[in-house]
>>> print(open('protein09.csv').read())   # CSV, C-alpha atoms
chain,number,residue,atom,x,y,z
A,284,MET,CA,-44.7,46.1,-216.0
A,285,VAL,CA,-44.0,49.8,-216.0
A,286,GLY,CA,-45.0,49.9,-219.7
A,287,ALA,CA,-48.3,48.1,-218.9
A,288,TYR,CA,-49.0,50.7,-216.2
A,289,ARG,CA,-48.3,53.6,-218.5
A,290,GLU,CA,-50.6,52.1,-221.1
A,291,ALA,CA,-53.6,51.2,-218.8
A,292,GLY,CA,-53.1,53.7,-216.0
A,293,VAL,CA,-53.4,50.9,-213.5
A,294,ILE,CA,-51.5,47.7,-212.6
A,295,ILE,CA,-52.3,44.9,-210.2
A,296,LEU,CA,-49.5,43.2,-208.2
A,297,ARG,CA,-50.6,40.1,-206.4
A,298,ASP,CA,-48.9,38.9,-203.2
A,299,PHE,CA,-47.2,42.3,-202.7
A,300,VAL,CA,-47.7,42.0,-199.0
A,301,SER,CA,-48.2,39.0,-196.8
A,302,ARG,CA,-51.6,37.9,-195.5
A,303,GLU,CA,-50.0,38.1,-192.0
A,304,ASP,CA,-49.2,41.8,-192.6
A,305,CYS,CA,-52.8,42.3,-193.8
A,306,VAL,CA,-54.1,40.7,-190.6
A,307,GLN,CA,-51.8,42.8,-188.4
A,308,LEU,CA,-53.0,46.0,-190.0
A,309,GLN,CA,-56.7,44.9,-189.7
A,310,ARG,CA,-56.1,44.2,-186.0
A,311,ARG,CA,-54.6,47.6,-185.4
A,312,ALA,CA,-57.4,49.3,-187.3
A,313,LEU,CA,-60.0,47.6,-185.1
A,314,GLU,CA,-58.1,48.6,-181.9
A,315,LEU,CA,-58.4,52.2,-183.1
A,316,VAL,CA,-62.1,51.7,-183.8
A,317,ASP,CA,-62.7,50.3,-180.3
A,318,ALA,CA,-61.7,53.8,-178.9
A,319,PHE,CA,-64.1,55.6,-181.2
A,320,ASP,CA,-67.6,56.6,-180.0
A,321,PRO,CA,-70.0,56.9,-182.9
A,322,HIS,CA,-72.6,58.6,-180.7
A,323,GLU,CA,-70.2,61.5,-180.0
A,324,VAL,CA,-69.3,62.2,-183.7
A,325,ARG,CA,-71.7,61.2,-186.5
A,326,SER,CA,-69.7,62.1,-189.6
A,327,VAL,CA,-70.9,60.4,-192.7
A,328,PHE,CA,-68.8,60.0,-195.9
A,329,SER,CA,-70.5,59.4,-199.2
A,330,THR,CA,-69.6,60.0,-202.8
A,331,THR,CA,-73.3,60.0,-203.7
A,332,ARG,CA,-74.7,62.5,-201.2
A,333,ASN,CA,-71.5,64.6,-200.4
A,334,GLU,CA,-72.6,65.3,-196.9
A,335,GLN,CA,-69.0,66.0,-195.9
A,336,LEU,CA,-68.9,69.3,-197.9
A,337,ASP,CA,-69.9,71.3,-194.8
A,338,ASP,CA,-68.4,68.9,-192.2
A,339,THR,CA,-65.6,70.5,-190.2
A,340,TYR,CA,-64.7,67.1,-188.7
A,341,PHE,CA,-63.9,65.9,-192.2
A,342,ILE,CA,-62.3,69.0,-193.6
A,343,GLU,CA,-59.8,69.2,-190.7
A,344,SER,CA,-58.9,65.5,-190.8
A,345,GLY,CA,-55.8,65.9,-193.1
A,346,ASP,CA,-53.4,65.5,-190.1
A,347,LYS,CA,-55.5,63.4,-187.8
A,348,ILE,CA,-57.1,60.0,-187.4
A,349,ARG,CA,-60.8,60.3,-187.7
A,350,PHE,CA,-63.8,58.0,-188.4
A,351,PHE,CA,-66.5,58.3,-191.0
A,352,LEU,CA,-69.7,56.3,-191.0
A,353,GLU,CA,-71.8,54.8,-193.8
A,354,ASN,CA,-75.1,56.5,-194.9
A,355,ASP,CA,-77.1,53.6,-193.6
A,356,ALA,CA,-75.2,53.1,-190.3
A,357,PHE,CA,-78.1,54.3,-188.1
A,358,ASP,CA,-81.7,53.1,-187.9
A,359,ASP,CA,-84.7,55.4,-187.5
A,360,ASN,CA,-84.2,55.5,-183.7
A,361,GLY,CA,-80.5,56.6,-184.0
A,362,ARG,CA,-79.0,53.3,-183.1
A,363,LEU,CA,-76.3,51.5,-185.1
A,364,ARG,CA,-77.8,48.8,-187.3
A,365,GLN,CA,-74.6,46.8,-187.0
A,366,SER,CA,-71.4,46.7,-185.0
A,367,LYS,CA,-69.1,49.8,-185.1
A,368,GLU,CA,-66.7,47.9,-187.4
A,369,HIS,CA,-69.5,47.1,-189.8
A,370,SER,CA,-70.9,50.7,-189.7
A,371,LEU,CA,-67.8,52.6,-190.8
A,372,ASN,CA,-67.1,53.8,-194.3
A,373,LYS,CA,-63.5,54.7,-193.7
A,374,MET,CA,-60.8,56.0,-191.3
A,375,GLY,CA,-58.4,58.8,-192.3
A,376,HIS,CA,-56.3,60.6,-193.1
A,377,ALA,CA,-53.0,60.5,-191.4
A,378,MET,CA,-52.6,57.0,-189.9
A,379,HIS,CA,-49.3,56.6,-191.8
A,380,ASP,CA,-47.8,59.4,-189.8
A,381,LEU,CA,-49.5,59.1,-186.5
A,382,ASP,CA,-49.6,55.4,-185.8
A,383,PRO,CA,-46.5,53.2,-185.7
A,384,VAL,CA,-48.2,50.1,-187.1
A,385,PHE,CA,-49.6,52.0,-190.1
A,386,ASP,CA,-46.3,53.8,-190.5
A,387,ALA,CA,-44.4,50.5,-190.8
A,388,PHE,CA,-46.9,49.1,-193.3
A,389,SER,CA,-46.8,52.3,-195.4
A,390,ARG,CA,-43.0,52.7,-195.6
A,391,THR,CA,-41.2,49.7,-196.9
A,392,PRO,CA,-38.3,49.4,-199.3
A,393,GLU,CA,-40.5,47.6,-201.7
A,394,LEU,CA,-43.1,50.4,-201.8
A,395,ALA,CA,-40.3,53.0,-202.0
A,396,GLU,CA,-38.9,51.2,-205.1
A,397,VAL,CA,-42.3,51.0,-206.7
A,398,ALA,CA,-42.9,54.7,-206.1
A,399,ARG,CA,-39.6,55.4,-207.8
A,400,ARG,CA,-40.3,53.2,-210.8
A,401,VAL,CA,-43.7,54.8,-211.6
A,402,GLY,CA,-41.9,58.1,-211.9
A,403,LEU,CA,-42.2,59.9,-208.5
A,404,GLU,CA,-39.0,61.9,-208.2
A,405,ASP,CA,-39.5,63.1,-204.6
A,406,PRO,CA,-42.5,61.1,-203.3
A,407,ALA,CA,-44.4,62.2,-200.2
A,408,ILE,CA,-47.3,60.3,-198.6
A,409,LEU,CA,-50.1,62.9,-198.4
A,410,GLN,CA,-53.0,60.8,-197.3
A,411,SER,CA,-53.9,57.3,-195.9
A,412,MET,CA,-57.4,55.8,-195.8
A,413,TYR,CA,-58.6,52.6,-194.2
A,414,ILE,CA,-61.7,51.5,-196.2
A,415,PHE,CA,-64.1,49.2,-194.4
A,416,LYS,CA,-66.7,48.5,-197.1
A,417,PRO,CA,-68.9,46.8,-194.5
A,418,PRO,CA,-71.3,44.0,-195.3
A,419,ARG,CA,-74.9,44.9,-196.3
A,420,ILE,CA,-74.5,48.7,-196.1
A,421,GLY,CA,-71.1,49.3,-197.8
A,422,GLY,CA,-71.8,52.3,-200.0
A,423,GLU,CA,-71.3,52.8,-203.7
A,424,VAL,CA,-68.2,54.9,-204.8
A,425,VAL,CA,-69.1,56.7,-208.0
A,426,CYS,CA,-66.6,56.9,-210.9
A,427,HIS,CA,-64.0,59.5,-210.2
A,428,GLN,CA,-60.3,60.5,-210.6
A,429,ASP,CA,-58.2,60.9,-207.5
A,430,SER,CA,-56.4,63.9,-208.9
A,431,SER,CA,-59.7,65.7,-208.7
A,432,TYR,CA,-59.3,65.6,-204.9
A,433,ILE,CA,-55.5,65.5,-204.6
A,434,TYR,CA,-54.4,68.1,-207.2
A,435,THR,CA,-50.9,69.2,-207.9
A,436,GLU,CA,-49.4,71.3,-210.6
A,437,PRO,CA,-48.3,69.4,-212.7
A,438,GLU,CA,-50.5,66.5,-211.6
A,439,SER,CA,-48.6,63.8,-209.7
A,440,CYS,CA,-51.0,61.9,-207.6
A,441,VAL,CA,-50.6,58.1,-207.5
A,442,GLY,CA,-52.8,55.7,-205.6
A,443,PHE,CA,-51.5,52.6,-203.8
A,444,TRP,CA,-54.5,50.4,-202.8
A,445,PHE,CA,-53.9,47.3,-200.7
A,446,ALA,CA,-56.5,44.5,-200.5
A,447,LEU,CA,-56.5,43.5,-196.8
A,448,GLU,CA,-59.4,41.0,-197.5
A,449,ASP,CA,-60.4,39.3,-200.8
A,450,ALA,CA,-62.0,41.9,-203.0
A,451,THR,CA,-64.6,40.4,-205.4
A,452,LEU,CA,-67.5,41.7,-207.5
A,453,GLU,CA,-69.8,40.3,-204.8
A,454,ASN,CA,-68.4,42.5,-202.1
A,455,GLY,CA,-67.7,45.6,-204.2
A,456,CYS,CA,-64.2,45.4,-205.6
A,457,MET,CA,-62.7,48.3,-207.5
A,458,GLN,CA,-63.4,48.8,-211.2
A,459,PHE,CA,-61.3,50.7,-213.7
A,460,ILE,CA,-61.5,51.9,-217.3
A,461,PRO,CA,-58.1,51.0,-218.7
A,462,GLY,CA,-56.5,53.8,-220.8
A,463,ALA,CA,-59.0,56.4,-219.7
A,464,HIS,CA,-56.3,58.1,-217.6
A,465,ARG,CA,-55.5,59.9,-220.9
A,466,MET,CA,-58.8,61.7,-220.7
A,467,PRO,CA,-59.0,65.2,-219.3
A,468,LEU,CA,-59.3,65.9,-215.6
A,469,LYS,CA,-63.1,66.0,-215.1
A,470,LYS,CA,-63.4,68.0,-211.9
A,471,ARG,CA,-61.6,69.9,-209.1
A,472,ASN,CA,-63.4,68.4,-206.1
A,473,TYR,CA,-63.4,69.9,-202.6
A,474,ARG,CA,-61.6,73.2,-203.5
A,475,ARG,CA,-62.0,75.6,-200.7
A,476,PRO,CA,-61.1,79.1,-202.1
A,477,ASP,CA,-63.1,80.8,-199.3
A,478,GLY,CA,-63.1,78.1,-196.6
A,479,ARG,CA,-66.1,76.1,-197.9
A,480,LEU,CA,-65.7,73.0,-200.0
A,481,VAL,CA,-66.8,73.5,-203.6
A,482,THR,CA,-66.6,71.4,-206.8
A,483,GLU,CA,-65.5,72.9,-210.2
A,484,THR,CA,-66.5,71.0,-213.4
A,485,LEU,CA,-63.7,71.1,-216.0
A,486,ASP,CA,-64.9,68.6,-218.6
A,487,GLU,CA,-68.3,66.9,-219.2
A,488,THR,CA,-67.2,64.2,-221.7
A,489,PRO,CA,-68.9,60.9,-220.5
A,490,TRP,CA,-66.8,58.0,-219.3
A,491,PRO,CA,-66.4,55.1,-221.8
A,492,GLU,CA,-68.3,52.8,-219.4
A,493,GLU,CA,-68.3,50.0,-222.0
A,494,ARG,CA,-64.5,49.5,-221.3
A,495,ARG,CA,-64.9,49.1,-217.6
A,496,ILE,CA,-63.3,46.0,-216.0
A,497,ALA,CA,-63.3,44.6,-212.5
A,498,ALA,CA,-60.1,44.6,-210.5
A,499,GLU,CA,-60.8,41.6,-208.3
A,500,ALA,CA,-57.9,41.3,-205.8
A,501,PRO,CA,-57.0,38.6,-203.3
A,502,ALA,CA,-55.8,39.8,-199.9
A,503,GLY,CA,-52.2,40.9,-200.2
A,504,THR,CA,-52.7,42.5,-203.6
A,505,LEU,CA,-51.4,46.0,-204.4
A,506,VAL,CA,-53.3,48.0,-207.0
A,507,ILE,CA,-51.4,51.0,-208.3
A,508,PHE,CA,-53.2,53.6,-210.4
A,509,ASP,CA,-52.6,57.0,-211.9
A,510,GLY,CA,-54.3,60.0,-210.4
A,511,ARG,CA,-56.3,60.5,-213.6
A,512,ALA,CA,-57.4,56.8,-213.8
A,513,PRO,CA,-61.2,56.7,-213.5
A,514,HIS,CA,-62.4,54.1,-211.0
A,515,LEU,CA,-65.4,53.1,-208.9
A,516,SER,CA,-66.9,50.4,-206.8
A,517,ALA,CA,-70.4,49.1,-206.4
A,518,ALA,CA,-72.2,48.9,-203.1
A,519,ASN,CA,-71.5,45.9,-200.9
A,520,ARG,CA,-74.7,44.1,-200.2
A,521,SER,CA,-73.0,40.8,-199.4
A,522,ASP,CA,-72.3,39.3,-196.0
A,523,ARG,CA,-68.6,39.8,-196.3
A,524,SER,CA,-66.6,43.0,-195.6
A,525,ARG,CA,-64.0,44.3,-198.0
A,526,HIS,CA,-61.2,45.9,-195.9
A,527,ALA,CA,-58.6,47.9,-197.9
A,528,TYR,CA,-55.9,50.4,-197.2
A,529,THR,CA,-55.0,53.3,-199.6
A,530,LEU,CA,-52.1,55.6,-199.7
A,531,HIS,CA,-52.1,58.7,-202.0
A,532,VAL,CA,-48.6,59.8,-202.9
A,533,ILE,CA,-47.6,63.1,-204.6
A,534,ASP,CA,-44.3,64.4,-205.9
A,535,ARG,CA,-42.8,67.2,-203.8
A,536,THR,CA,-41.3,68.7,-206.9
A,537,CYS,CA,-44.8,69.7,-207.9
A,538,HIS,CA,-46.9,72.6,-206.4
A,539,TYR,CA,-49.6,71.6,-203.9
A,540,PRO,CA,-52.2,74.5,-203.9
A,541,ALA,CA,-53.3,76.0,-200.6
A,542,GLU,CA,-57.0,75.8,-201.8
A,543,ASN,CA,-56.9,72.0,-201.9
A,544,TRP,CA,-59.3,70.6,-199.2
A,545,LEU,CA,-56.6,68.4,-197.5
A,546,GLN,CA,-54.1,70.5,-195.6
A,547,ARG,CA,-51.7,69.6,-192.8
A,548,SER,CA,-50.4,71.7,-189.9
A,549,ALA,CA,-46.7,72.7,-189.8
A,550,ALA,CA,-46.5,70.3,-186.8
A,551,LEU,CA,-46.9,67.3,-189.1
A,552,PRO,CA,-44.9,68.0,-192.2
A,553,LEU,CA,-45.1,65.7,-195.2
A,554,ARG,CA,-42.8,62.6,-195.2
A,555,GLY,CA,-42.0,60.2,-197.9
A,556,PHE,CA,-39.7,57.2,-197.8
A,557,GLU,CA,-36.7,58.9,-196.3
A,558,GLY,CA,-34.5,56.4,-194.4
A,559,VAL,CA,-36.4,53.4,-195.7
A,560,THR,CA,-33.8,50.8,-196.7
>>> encode(input="protein09.csv", output="structure tokens")
Amino acid sequence: MVGAYREAGVIILRDFVSREDCVQLQRRALELVDAFDPHEVRSVFSTTRNEQLDDTYFIESGDKIRFFLENDAFDDNGRLRQSKEHSLNKMGHAMHDLDPVFDAFSRTPELAEVARRVGLEDPAILQSMYIFKPPRIGGEVVCHQDSSYIYTEPESCVGFWFALEDATLENGCMQFIPGAHRMPLKKRNYRRPDGRLVTETLDETPWPEERRIAAEAPAGTLVIFDGRAPHLSAANRSDRSRHAYTLHVIDRTCHYPAENWLQRSAALPLRGFEGVT
């Protein structure tokens, strides 16, 4: 299995977590959503419009729990088109350190062992994201590499993506280009050398889109992918949401640049799987 991961840059492990654990995490996420007022903070996250580039609420979310709406969440009169749950793009980026339910889901012996087997010598969970992919307005995620956003020297980012609901082509499952993790890093996204987020293009070679495959995943599935593995997801225009939970793990033996967009205060230092047995 490790060999298959090295070859493709991605591996799909079905039934990695129980459906009961998926439901528990969904329930906790919705409790957090209940306390969020979308009329006080209207922060939109989009990979097609990049409205978050000047959004302080987003930029300062590396050590907090914050909520980001879909592009089409509000109608012309400023009212939500759907419920709060069905208006959110994602929640991030430190639930794994700030909430006990997310902490317990994120730090298990099984996940610690997987992190070791994919080559992370001293793993640290840098970021967590709860992805809502709501029905009818769930936005497209354009093809990208996570190491563009979570950059270390040398590169060490690994994504751990949990399907909390069944992910299908109909509701916008992830899609990968197997083997394309051997291609160069295309961009450095959200660098902030002077405090403002910027994108630096490194390579303009087009993606081999003809090799793209869908990673349909029943609830409980774990998808592990290399930080250079290009992936995307289509918009969700179905009547079903596609809840998922993502952890981005880096190796503390690697350098994490201060100009990376995601930074944490000294009050919330990075943690890995220490003490997990």
>>> closest_residue(input="protein09.csv", among="A:Ile460, A:Ala517, A:Ile408, A:Ile507", to="A:Glu493", atoms="all atoms listed in the file")
A:Ile460
>>> residues_near_point(input="protein09.csv", point="(-66.1, 46.8, -199.4)", cutoff="9 Å", atoms="all atoms listed in the file", output="PyMOL selection string")
chain A and resi 372+414-418+421-422+450-451+454-457+516-519+523-527
>>> closest_residue(input="protein09.csv", among="A:Tyr473, A:Tyr539, A:Phe459, A:Phe445", to="A:Ile342", atoms="all atoms listed in the file")
A:Tyr473
>>> residues_around(input="protein09.csv", residues="A:Ser430", least_positions_apart="6", cutoff="9 Å", atoms="only C-alpha atoms", output="ChimeraX atom specification")
/A:438-441,468,470-472,509-512
>>> closest_residue(input="protein09.csv", among="A:Leu553, A:Leu505, A:Gln365, A:Phe388", to="A:Glu448", atoms="all atoms listed in the file")
A:Leu505
>>> closest_atom_pairs(input="protein09.csv", of="stretch 332-375 of chain A", to="stretch 309-320 of chain A", cutoff="12 Å", atoms="all atoms listed in the file", output="CSV")
residue,atom,partner,partner_atom,distance
A:Ile348,CA,A:Leu315,CA,9.0
A:Arg349,CA,A:Phe319,CA,8.7
A:Phe350,CA,A:Phe319,CA,7.6
A:Phe351,CA,A:Phe319,CA,10.4
A:Leu352,CA,A:Asp320,CA,11.2
A:Leu363,CA,A:Asp320,CA,11.3
A:Ser366,CA,A:Asp317,CA,10.5
A:Lys367,CA,A:Val316,CA,7.4
A:Glu368,CA,A:Val316,CA,7.0
A:His369,CA,A:Val316,CA,10.6
A:Ser370,CA,A:Val316,CA,10.6
A:Leu371,CA,A:Val316,CA,9.1
A:Asn372,CA,A:Val316,CA,11.8
A:Lys373,CA,A:Ala312,CA,10.4
A:Met374,CA,A:Ala312,CA,8.5
A:Gly375,CA,A:Ala312,CA,10.8
>>> closest_residue(input="protein09.csv", among="A:Ile533, A:Ala498, A:Ala356, A:Val481", to="A:Gly442", atoms="all atoms listed in the file")
A:Ile533
>>> atom_distance(input="protein09.csv", atom1="atom CA of A:Leu551", atom2="atom CA of A:Glu343")
13.1 Å
>>> closest_residue(input="protein09.csv", among="A:Phe508, A:Phe443, A:Tyr288, A:Phe357", to="A:Arg390", atoms="only C-alpha atoms")
A:Phe443
>>> atom_distance(input="protein09.csv", atom1="atom CA of A:Asp534", atom2="atom CA of A:Pro491")
28.8 Å
>>> atom_distance(input="protein09.csv", atom1="atom CA of A:His427", atom2="atom CA of A:Glu499")
18.3 Å
>>> closest_residue(input="protein09.csv", among="A:Leu515, A:Ala398, A:Val425, A:Leu485", to="A:Ala497", atoms="all atoms listed in the file")
A:Leu515
>>> residues_around(input="protein09.csv", residues="A:Gln410", least_positions_apart="3", cutoff="7 Å", atoms="all atoms listed in the file", output="list of chain:residue names")
A:His376, A:Ala377, A:Leu530, A:His531
>>> residues_around(input="protein09.csv", residues="A:Ser301", least_positions_apart="5", cutoff="9 Å", atoms="all atoms listed in the file", output="MDAnalysis selection string")
chainID A and resid 306 502:504
